[in-house]
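Below is the file data.csv, which contains CSV, C-alpha atoms.
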```csv
chain,number,residue,atom,x,y,z
A,451,MET,CA,-61.2,-1.0,-0.9
A,452,PRO,CA,-58.3,-2.3,-2.9
A,453,GLY,CA,-59.2,-3.4,-6.3
A,454,THR,CA,-57.5,-4.9,-9.4
A,455,ALA,CA,-55.5,-2.8,-11.8
A,456,THR,CA,-57.0,-2.7,-15.3
A,457,SER,CA,-54.0,-1.1,-16.9
A,458,ASN,CA,-50.2,-0.7,-16.2
A,459,PHE,CA,-49.6,2.8,-15.1
A,460,GLY,CA,-47.2,2.2,-12.2
A,461,VAL,CA,-43.4,1.9,-11.9
A,462,TYR,CA,-43.5,-1.2,-14.1
A,463,ALA,CA,-44.7,0.9,-17.0
A,464,TYR,CA,-42.2,3.7,-16.5
A,465,GLY,CA,-39.3,1.7,-15.1
A,466,GLY,CA,-39.7,-1.5,-17.1
A,467,SER,CA,-40.2,-5.0,-15.8
A,468,THR,CA,-36.8,-5.0,-14.1
A,469,LEU,CA,-37.4,-1.4,-12.7
A,470,LEU,CA,-34.0,-0.4,-14.2
A,471,ASN,CA,-35.2,1.1,-17.5
A,472,GLY,CA,-37.5,3.9,-18.6
A,473,VAL,CA,-37.8,7.4,-17.1
A,474,ILE,CA,-37.4,6.5,-13.4
A,475,LYS,CA,-34.0,7.6,-12.0
A,476,GLU,CA,-31.8,5.1,-10.4
A,477,ASP,CA,-31.3,4.9,-6.7
A,478,LEU,CA,-27.6,4.5,-6.2
A,479,LEU,CA,-25.9,5.2,-2.9
A,480,GLU,CA,-23.2,7.8,-3.0
A,481,GLN,CA,-20.8,5.5,-1.1
A,482,ILE,CA,-18.4,2.7,-1.9
A,483,THR,CA,-17.9,0.1,0.8
A,484,ASN,CA,-14.6,-1.8,0.8
A,485,ILE,CA,-13.8,-3.8,3.9
A,486,ASP,CA,-10.7,-5.4,2.6
A,487,PRO,CA,-8.2,-5.1,5.4
A,488,TRP,CA,-5.4,-2.5,5.1
A,489,GLU,CA,-4.2,-2.1,8.7
A,490,THR,CA,-0.3,-2.2,8.9
A,491,PRO,CA,0.7,-2.1,12.5
A,492,PHE,CA,4.4,-2.4,12.0
A,493,VAL,CA,4.7,0.0,9.1
A,494,SER,CA,2.5,2.5,10.9
A,495,GLN,CA,4.5,2.6,14.2
A,496,ALA,CA,8.0,1.8,13.2
A,497,PRO,CA,10.5,4.6,13.5
A,498,LYS,CA,11.3,6.3,10.2
A,499,VAL,CA,14.9,7.3,9.3
A,500,GLY,CA,16.6,8.4,6.1
A,501,ALA,CA,18.8,6.4,3.7
A,502,ARG,CA,21.4,7.9,1.4
A,503,HIS,CA,22.3,4.9,-0.8
A,504,VAL,CA,20.6,1.8,-2.1
A,505,TYR,CA,23.1,-0.2,-0.1
A,506,HIS,CA,22.2,0.9,3.4
A,507,GLN,CA,24.7,0.0,6.2
A,508,TRP,CA,25.0,0.3,10.0
A,509,LEU,CA,27.4,-0.9,12.7
A,510,THR,CA,27.1,-3.4,15.5
A,511,ASP,CA,29.5,-4.2,18.3
A,512,THR,CA,29.8,-6.5,21.3
A,513,LEU,CA,31.5,-6.3,24.8
A,514,SER,CA,34.2,-8.8,25.6
A,515,THR,CA,33.3,-11.6,28.1
A,516,GLN,CA,34.2,-10.6,31.7
A,517,THR,CA,35.4,-12.8,34.5
A,518,THR,CA,35.5,-12.2,38.2
A,519,ALA,CA,39.3,-12.0,38.4
A,520,GLY,CA,41.1,-8.8,39.5
A,521,ALA,CA,44.3,-7.3,38.3
A,522,ILE,CA,47.6,-8.0,39.9
A,523,GLU,CA,49.2,-5.0,41.6
A,524,GLY,CA,52.2,-3.7,39.7
A,525,SER,CA,51.7,-6.0,36.7
A,526,ASP,CA,53.1,-5.0,33.3
A,527,TRP,CA,50.9,-3.7,30.5
A,528,SER,CA,49.5,-6.2,28.0
A,529,LEU,CA,46.7,-5.7,25.4
A,530,ASP,CA,43.4,-7.2,26.4
A,531,THR,CA,41.2,-8.9,23.8
A,532,THR,CA,38.8,-6.5,22.2
A,533,THR,CA,36.3,-6.6,19.4
A,534,ALA,CA,35.8,-4.4,16.3
A,535,PRO,CA,32.5,-3.0,15.1
A,536,ALA,CA,31.0,-5.0,12.2
A,537,ARG,CA,29.0,-3.7,9.3
A,538,GLN,CA,25.4,-4.8,8.7
A,539,PHE,CA,23.5,-4.0,5.6
A,540,ASN,CA,20.2,-4.2,3.7
A,541,VAL,CA,19.3,-2.9,0.3
A,542,THR,CA,16.5,-0.5,-0.6
A,543,MET,CA,13.5,-2.0,-2.4
A,544,ILE,CA,11.3,0.0,-4.8
A,545,LEU,CA,7.6,-0.2,-4.1
A,546,ARG,CA,5.5,1.1,-7.0
A,547,LYS,CA,2.0,0.9,-8.5
A,548,ASP,CA,1.1,2.4,-11.9
A,549,ILE,CA,-2.4,3.8,-12.3
A,550,GLY,CA,-4.4,5.3,-15.1
A,551,VAL,CA,-7.9,6.4,-16.0
A,552,SER,CA,-9.4,7.4,-19.3
A,553,GLU,CA,-10.6,11.0,-19.7
A,554,THR,CA,-14.0,9.7,-20.5
A,555,GLU,CA,-14.2,7.8,-17.2
A,556,ARG,CA,-13.2,11.0,-15.4
A,557,ALA,CA,-15.9,13.0,-17.2
A,558,VAL,CA,-18.9,10.8,-16.6
A,559,ASP,CA,-21.1,11.1,-13.5
A,560,THR,CA,-19.8,8.6,-11.0
A,561,ALA,CA,-21.0,7.4,-7.6
A,562,GLY,CA,-18.9,7.3,-4.5
A,563,PHE,CA,-16.2,9.7,-5.7
A,564,LYS,CA,-15.8,12.8,-7.7
A,565,ASP,CA,-12.6,11.9,-9.5
A,566,HIS,CA,-11.8,8.3,-10.4
A,567,TYR,CA,-8.1,9.0,-10.7
A,568,ALA,CA,-7.9,10.5,-7.2
A,569,TYR,CA,-9.7,7.4,-5.9
A,570,GLU,CA,-7.1,5.1,-7.6
A,571,VAL,CA,-4.3,7.1,-6.0
A,572,GLN,CA,-5.9,6.5,-2.6
A,573,LYS,CA,-6.3,2.7,-3.2
A,574,ALA,CA,-2.7,2.3,-4.5
A,575,THR,CA,-1.2,4.0,-1.4
A,576,LYS,CA,-3.0,1.5,0.9
A,577,GLU,CA,-2.0,-1.4,-1.3
A,578,LEU,CA,1.7,-0.5,-1.2
A,579,ALA,CA,1.5,-0.1,2.6
A,580,ILE,CA,0.1,-3.7,2.8
A,581,LYS,CA,2.9,-4.9,0.5
A,582,LEU,CA,5.6,-3.4,2.7
A,583,GLU,CA,4.0,-4.9,5.8
A,584,LYS,CA,4.1,-8.4,4.2
A,585,ILE,CA,7.7,-7.9,3.0
A,586,ILE,CA,8.8,-7.1,6.6
A,587,PHE,CA,7.5,-10.4,7.9
A,588,ALA,CA,8.2,-12.5,4.8
A,589,ALA,CA,11.1,-15.0,4.4
A,590,LEU,CA,13.1,-12.7,2.1
A,591,THR,CA,16.9,-12.5,1.8
A,592,THR,CA,18.9,-9.7,0.3
A,593,ALA,CA,19.1,-9.5,-3.5
A,594,THR,CA,21.1,-6.6,-4.8
A,595,GLY,CA,19.4,-6.8,-8.2
A,596,ALA,CA,20.7,-5.8,-11.6
A,597,SER,CA,19.8,-3.5,-14.4
A,598,ALA,CA,16.8,-5.7,-15.3
A,599,THR,CA,16.2,-7.3,-11.9
A,600,ALA,CA,14.5,-5.7,-8.9
A,601,ARG,CA,16.3,-5.4,-5.6
A,602,VAL,CA,14.9,-7.3,-2.6
A,603,MET,CA,15.3,-6.2,1.0
A,604,LYS,CA,16.0,-8.7,3.8
A,605,GLY,CA,13.0,-9.3,6.1
A,606,LEU,CA,12.8,-10.0,9.8
A,607,GLN,CA,12.9,-13.7,9.3
A,608,ALA,CA,16.4,-13.5,7.7
A,609,PHE,CA,17.6,-10.9,10.2
A,610,ILE,CA,16.6,-12.6,13.5
A,611,THR,CA,19.0,-15.6,13.9
A,612,THR,CA,20.3,-15.5,17.5
A,613,ASN,CA,17.1,-15.9,19.5
A,614,THR,CA,15.0,-18.5,17.7
A,615,ALA,CA,13.1,-21.5,19.0
A,616,TYR,CA,10.5,-24.0,17.7
A,617,ALA,CA,7.1,-23.9,19.3
A,618,GLY,CA,6.4,-26.4,22.1
A,619,ILE,CA,10.1,-27.0,22.9
A,620,GLU,CA,9.7,-25.7,26.4
A,621,GLY,CA,7.4,-27.4,29.0
A,622,ASP,CA,7.0,-31.1,28.7
A,623,GLY,CA,8.0,-31.1,25.0
A,624,SER,CA,5.2,-33.4,24.1
A,625,SER,CA,4.0,-31.2,21.3
A,626,SER,CA,7.2,-29.6,20.1
A,627,ALA,CA,7.8,-28.5,16.5
A,628,ASP,CA,10.8,-29.1,14.2
A,629,ALA,CA,11.8,-28.0,10.8
A,630,THR,CA,9.0,-29.9,9.1
A,631,HIS,CA,6.2,-30.0,11.7
A,632,ASP,CA,4.2,-27.5,13.7
A,633,GLY,CA,4.2,-27.4,17.5
A,634,GLN,CA,1.8,-26.3,20.1
A,635,LEU,CA,2.6,-22.9,21.6
A,636,THR,CA,2.8,-22.8,25.4
A,637,VAL,CA,3.3,-20.0,28.0
A,638,TYR,CA,6.7,-21.7,28.7
A,639,ASP,CA,7.8,-21.0,25.1
A,640,PHE,CA,6.7,-17.3,25.5
A,641,ASN,CA,8.6,-16.8,28.7
A,642,GLU,CA,11.7,-18.7,27.6
A,643,MET,CA,12.0,-16.5,24.5
A,644,LEU,CA,11.8,-13.4,26.7
A,645,ASN,CA,14.5,-14.9,28.9
A,646,ASP,CA,16.7,-15.6,25.9
A,647,ILE,CA,16.4,-12.1,24.5
A,648,PHE,CA,17.1,-10.6,27.9
A,649,THR,CA,20.2,-12.7,28.2
A,650,SER,CA,21.4,-11.4,24.8
A,651,GLY,CA,20.9,-7.9,26.0
A,652,GLY,CA,17.5,-7.1,24.5
A,653,ASN,CA,14.3,-5.7,26.1
A,654,PRO,CA,11.5,-6.3,23.6
A,655,GLU,CA,8.2,-4.4,24.2
A,656,GLN,CA,6.1,-6.0,21.5
A,657,VAL,CA,5.2,-9.4,20.0
A,658,TYR,CA,3.6,-9.5,16.6
A,659,VAL,CA,1.2,-12.5,16.1
A,660,SER,CA,-1.4,-13.7,13.6
A,661,PRO,CA,-5.1,-14.0,14.6
A,662,LYS,CA,-5.0,-17.7,15.6
A,663,VAL,CA,-1.8,-17.3,17.6
A,664,LYS,CA,-3.3,-14.3,19.3
A,665,ARG,CA,-6.2,-16.5,20.5
A,666,GLN,CA,-3.7,-19.0,21.9
A,667,ILE,CA,-1.8,-16.3,23.8
A,668,SER,CA,-5.1,-15.0,25.3
A,669,ALA,CA,-5.6,-18.5,26.7
A,670,PHE,CA,-2.5,-18.0,28.8
A,671,ALA,CA,-4.7,-16.0,31.2
A,672,VAL,CA,-7.5,-18.4,31.3
A,673,ALA,CA,-7.4,-20.3,34.6
A,674,GLY,CA,-7.6,-24.0,34.0
A,675,ALA,CA,-6.8,-23.8,30.2
A,676,ALA,CA,-3.3,-25.3,30.8
A,677,ALA,CA,-5.0,-28.3,32.4
A,678,GLY,CA,-7.3,-28.7,29.4
A,679,ASN,CA,-10.3,-26.7,30.6
A,680,VAL,CA,-10.6,-24.5,27.6
A,681,PHE,CA,-14.0,-23.2,28.8
A,682,ALA,CA,-12.6,-21.5,31.8
A,683,LYS,CA,-12.8,-17.7,31.7
A,684,ASN,CA,-11.6,-14.7,33.7
A,685,ILE,CA,-14.6,-12.7,35.0
A,686,ALA,CA,-14.2,-9.0,35.8
A,687,ALA,CA,-16.8,-8.8,38.6
A,688,VAL,CA,-17.0,-5.0,38.8
A,689,GLU,CA,-17.6,-4.6,35.0
A,690,LYS,CA,-19.8,-7.7,34.8
A,691,LYS,CA,-18.1,-9.0,31.7
A,692,LEU,CA,-16.1,-12.0,30.5
A,693,VAL,CA,-12.4,-11.3,29.8
A,694,SER,CA,-10.8,-13.9,27.6
A,695,TYR,CA,-8.1,-11.9,25.8
A,696,ILE,CA,-4.6,-10.5,26.3
A,697,ASP,CA,-3.4,-7.2,24.8
A,698,PHE,CA,-0.5,-6.8,27.2
A,699,TYR,CA,1.4,-9.6,28.9
A,700,ASP,CA,3.0,-8.6,32.2
A,701,SER,CA,6.1,-10.8,32.3
A,702,ASP,CA,9.2,-11.0,34.5
A,703,PHE,CA,11.0,-9.1,31.8
A,704,GLY,CA,8.5,-6.2,31.5
A,705,LEU,CA,5.2,-5.4,30.0
A,706,ILE,CA,4.9,-6.9,26.5
A,707,GLN,CA,2.3,-5.6,24.0
A,708,VAL,CA,0.7,-8.3,22.0
A,709,VAL,CA,0.1,-6.9,18.5
A,710,LEU,CA,-2.5,-8.5,16.3
A,711,ASP,CA,-1.2,-8.4,12.7
A,712,ARG,CA,-3.1,-10.2,10.0
A,713,TRP,CA,0.1,-10.1,7.8
A,714,VAL,CA,2.3,-12.1,10.1
A,715,PRO,CA,2.8,-15.6,8.6
A,716,GLU,CA,0.3,-18.1,9.9
A,717,SER,CA,0.5,-21.9,9.6
A,718,THR,CA,-1.7,-23.5,6.9
A,719,ASN,CA,-2.7,-26.3,9.3
A,720,THR,CA,-6.2,-25.9,10.6
A,721,VAL,CA,-7.0,-29.6,11.4
A,722,THR,CA,-4.4,-31.2,13.6
A,723,ALA,CA,-3.9,-29.8,17.1
A,724,THR,CA,-0.7,-31.7,17.7
A,725,ALA,CA,3.0,-31.5,16.7
A,726,SER,CA,2.4,-33.9,13.8
A,727,ALA,CA,0.9,-31.3,11.6
A,728,THR,CA,3.2,-31.1,8.5
A,729,ALA,CA,3.1,-27.3,8.2
A,730,THR,CA,5.7,-24.8,9.4
A,731,GLY,CA,4.6,-21.4,8.3
A,732,GLY,CA,3.4,-19.9,11.6
A,733,GLN,CA,5.7,-17.5,13.4
A,734,MET,CA,5.8,-15.0,16.2
A,735,PHE,CA,8.1,-11.9,16.3
A,736,PHE,CA,9.4,-10.4,19.6
A,737,LEU,CA,10.5,-6.9,18.7
A,738,SER,CA,12.2,-3.9,20.3
A,739,ARG,CA,10.6,-0.9,18.6
A,740,ALA,CA,13.7,1.4,18.7
A,741,ILE,CA,15.9,-1.3,17.1
A,742,ASN,CA,13.7,-2.0,14.0
A,743,ARG,CA,13.4,1.0,11.7
A,744,LEU,CA,12.3,1.8,8.2
A,745,ALA,CA,15.0,3.7,6.3
A,746,TRP,CA,13.5,5.6,3.4
A,747,LEU,CA,15.6,6.6,0.4
A,748,ARG,CA,12.4,8.0,-1.3
A,749,PRO,CA,9.3,8.4,0.9
A,750,MET,CA,6.1,7.1,-0.6
A,751,ASN,CA,4.6,9.7,-3.0
A,752,HIS,CA,2.4,10.2,-6.0
A,753,GLN,CA,4.0,11.1,-9.3
A,754,LEU,CA,1.8,12.4,-12.1
A,755,VAL,CA,3.0,11.2,-15.6
A,756,GLY,CA,0.3,13.4,-17.2
A,757,ARG,CA,-1.8,12.7,-20.3
A,758,ARG,CA,-1.1,9.6,-22.2
A,759,GLY,CA,-3.3,9.9,-25.3
A,760,ASP,CA,-6.8,10.2,-24.1
A,761,SER,CA,-6.1,9.2,-20.5
A,762,VAL,CA,-4.3,10.5,-17.4
A,763,ALA,CA,-1.5,8.4,-16.0
A,764,GLY,CA,0.6,8.3,-12.8
A,765,TYR,CA,2.1,6.1,-10.2
A,766,ILE,CA,2.7,5.7,-6.4
A,767,VAL,CA,6.3,5.0,-5.6
A,768,GLY,CA,8.6,4.7,-2.6
A,769,GLU,CA,12.0,3.2,-1.9
A,770,VAL,CA,12.7,1.8,1.5
A,771,THR,CA,14.6,-0.8,3.5
A,772,LEU,CA,14.4,-2.5,6.8
A,773,GLU,CA,17.1,-1.5,9.3
A,774,VAL,CA,17.6,-3.9,12.3
A,775,LEU,CA,20.2,-2.1,14.4
A,776,ASN,CA,21.0,-5.3,16.3
A,777,GLU,CA,19.1,-8.5,15.7
A,778,LYS,CA,19.9,-9.9,19.2
A,779,ALA,CA,17.4,-7.5,20.6
A,780,ASN,CA,14.6,-9.5,18.8
A,781,GLY,CA,13.4,-13.1,18.8
A,782,ARG,CA,11.3,-15.5,16.8
A,783,ILE,CA,9.2,-18.6,17.7
A,784,LEU,CA,9.0,-20.8,14.6
A,785,SER,CA,6.5,-23.5,13.4
A,786,VAL,CA,3.6,-22.3,15.6
A,787,ASN,CA,0.6,-24.5,14.9
A,788,SER,CA,-2.6,-22.6,14.0
A,789,LYS,CA,-4.7,-25.3,15.5
A,790,SER,CA,-4.9,-25.8,19.3
A,791,SER,CA,-7.4,-26.5,22.0
A,792,VAL,CA,-8.6,-22.9,21.9
A,793,THR,CA,-8.5,-22.4,18.1
```
structure tokens encoding of this file:
Amino acid sequence: MPGTATSNFGVYAYGGSTLLNGVIKEDLLEQITNIDPWETPFVSQAPKVGARHVYHQWLTDTLSTQTTAGAIEGSDWSLDTTTAPARQFNVTMILRKDIGVSETERAVDTAGFKDHYAYEVQKATKELAIKLEKIIFAALTTATGASATARVMKGLQAFITTNTAYAGIEGDGSSSADATHDGQLTVYDFNEMLNDIFTSGGNPEQVYVSPKVKRQISAFAVAGAAAGNVFAKNIAAVEKKLVSYIDFYDSDFGLIQVVLDRWVPESTNTVTATASATATGGQMFFLSRAINRLAWLRPMNHQLVGRRGDSVAGYIVGEVTLEVLNEKANGRILSVNSKSSVT
């Protein structure tokens, strides 16, 4: 039968009152759990090309406008109007993170990794990939820099100027955005943007969206949602499951992949599901994969500085720029409200 202890001869005697002292060994899992997001959809799948100068250039051209008129038989020669190729450019941007670990830290018995320095190299590589993804979608314009000033590459927001529209403009326009207010995204906005890009000569295959906008696009397929029935769902009877998402949008202009990207700018508004929300940060990017490329002057790599006193030092560095071969192949919807009837 259980009794009462007359003396302390258990774990509290040998491990202390907190169970962390004394002769008992600690029980520490040989694993480090870090769920901070580091997915970079654009950077991971964008075509990679080389750059040979910090001032990276390419050419664009246009075709002259054609009429339905024919040529007169026997008419004399005269030069028709033509266009000359135009140079476009971006500058390379240096991405770098310095790392260092003391020799003492490398020598002690650690949990989760064998070498703290190698662990920091791995983390820094992921962090710079996130930085590049955020730069691509950020509102950055070209800055050529100086001897004491970093260069800044132009991002997609600055490149895409031809095919742009505010959210909610299409349809009945009752919840349209403007330069200072968010608007409600509709399927009409989505289709009209595809139409505009097609008219300009583009054929986008992807649209990059933030989480809340992804949910709004998924509602396009929900029967009755447009009429306000946000609880309507599509049911796949064979699989016996509810389907309330869209990963591909089969449009009149082709199949469009909807890419969920947590680094795409999202509106700060989470309260007002109308066009009166005074926030304009939310955007959507309609992209043609072959047109938007990363031009690397120096691919991302690890450089070991070596011993610095009683420590080891190094850095991860890369130099890259965004190359948009012709911005008319892309499109943007601006001022997309994060709050809607489905979010």
**Prompt:** Which is closer to Tyr567 in chain A than all the others in A:Glu583, A:Asp548, A:Glu769, A:Asp628, using only C-alpha atoms?
**Reply:**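 Using only C-alpha atoms, the shortest distance to Tyr567 in chain A belongs to A:Asp548.
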**Asked** Between A:Val504, A:Ile783, A:Ile585, A:Ala561, which one has atoms that come closest to Leu478 in chain A, using all atoms listed in the file?
**Response**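 That would be A:Ala561, the residue with the smallest distance to Leu478 in chain A.
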**Message:** Using Å and a single decimal, report how far CA of Val708 in chain A sits from CA of Arg665 in chain A.
**Reply:**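 Going from CA of Arg665 in chain A over to CA of Val708 in chain A, I get 10.8 Å.
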Hey, could you make a per-residue contact list for range 461-562 of chain A against range 648-656 of chain A with 12 Å as the cut-off, showing the nearest pair of atoms and its distance in Å to one decimal, counting only C-alpha atoms, sorted by chain and number, as CSV?
```
residue,atom,partner,partner_atom,distance
A:Pro491,CA,A:Gln656,CA,11.2
A:Phe492,CA,A:Gln656,CA,10.3
A:Gln495,CA,A:Gln656,CA,11.4
A:Ala496,CA,A:Gln656,CA,11.5
A:Thr512,CA,A:Gly651,CA,10.2
A:Leu513,CA,A:Gly651,CA,10.8
```
Contact residues around Phe736 in chain A with all atoms listed in the file at 6 Å, ignoring same-chain residues under 5 positions, as a PDB file with C-alpha atoms, keeping the file's coordinate frame:
```pdb
ATOM      1  CA  GLN A 656       6.100  -6.000  21.500  1.00  0.00           C
ATOM      2  CA  VAL A 657       5.200  -9.400  20.000  1.00  0.00           C
ATOM      3  CA  ASN A 780      14.600  -9.500  18.800  1.00  0.00           C
ATOM      4  CA  GLY A 781      13.400 -13.100  18.800  1.00  0.00           C
TER       5      GLY A 781
END
```
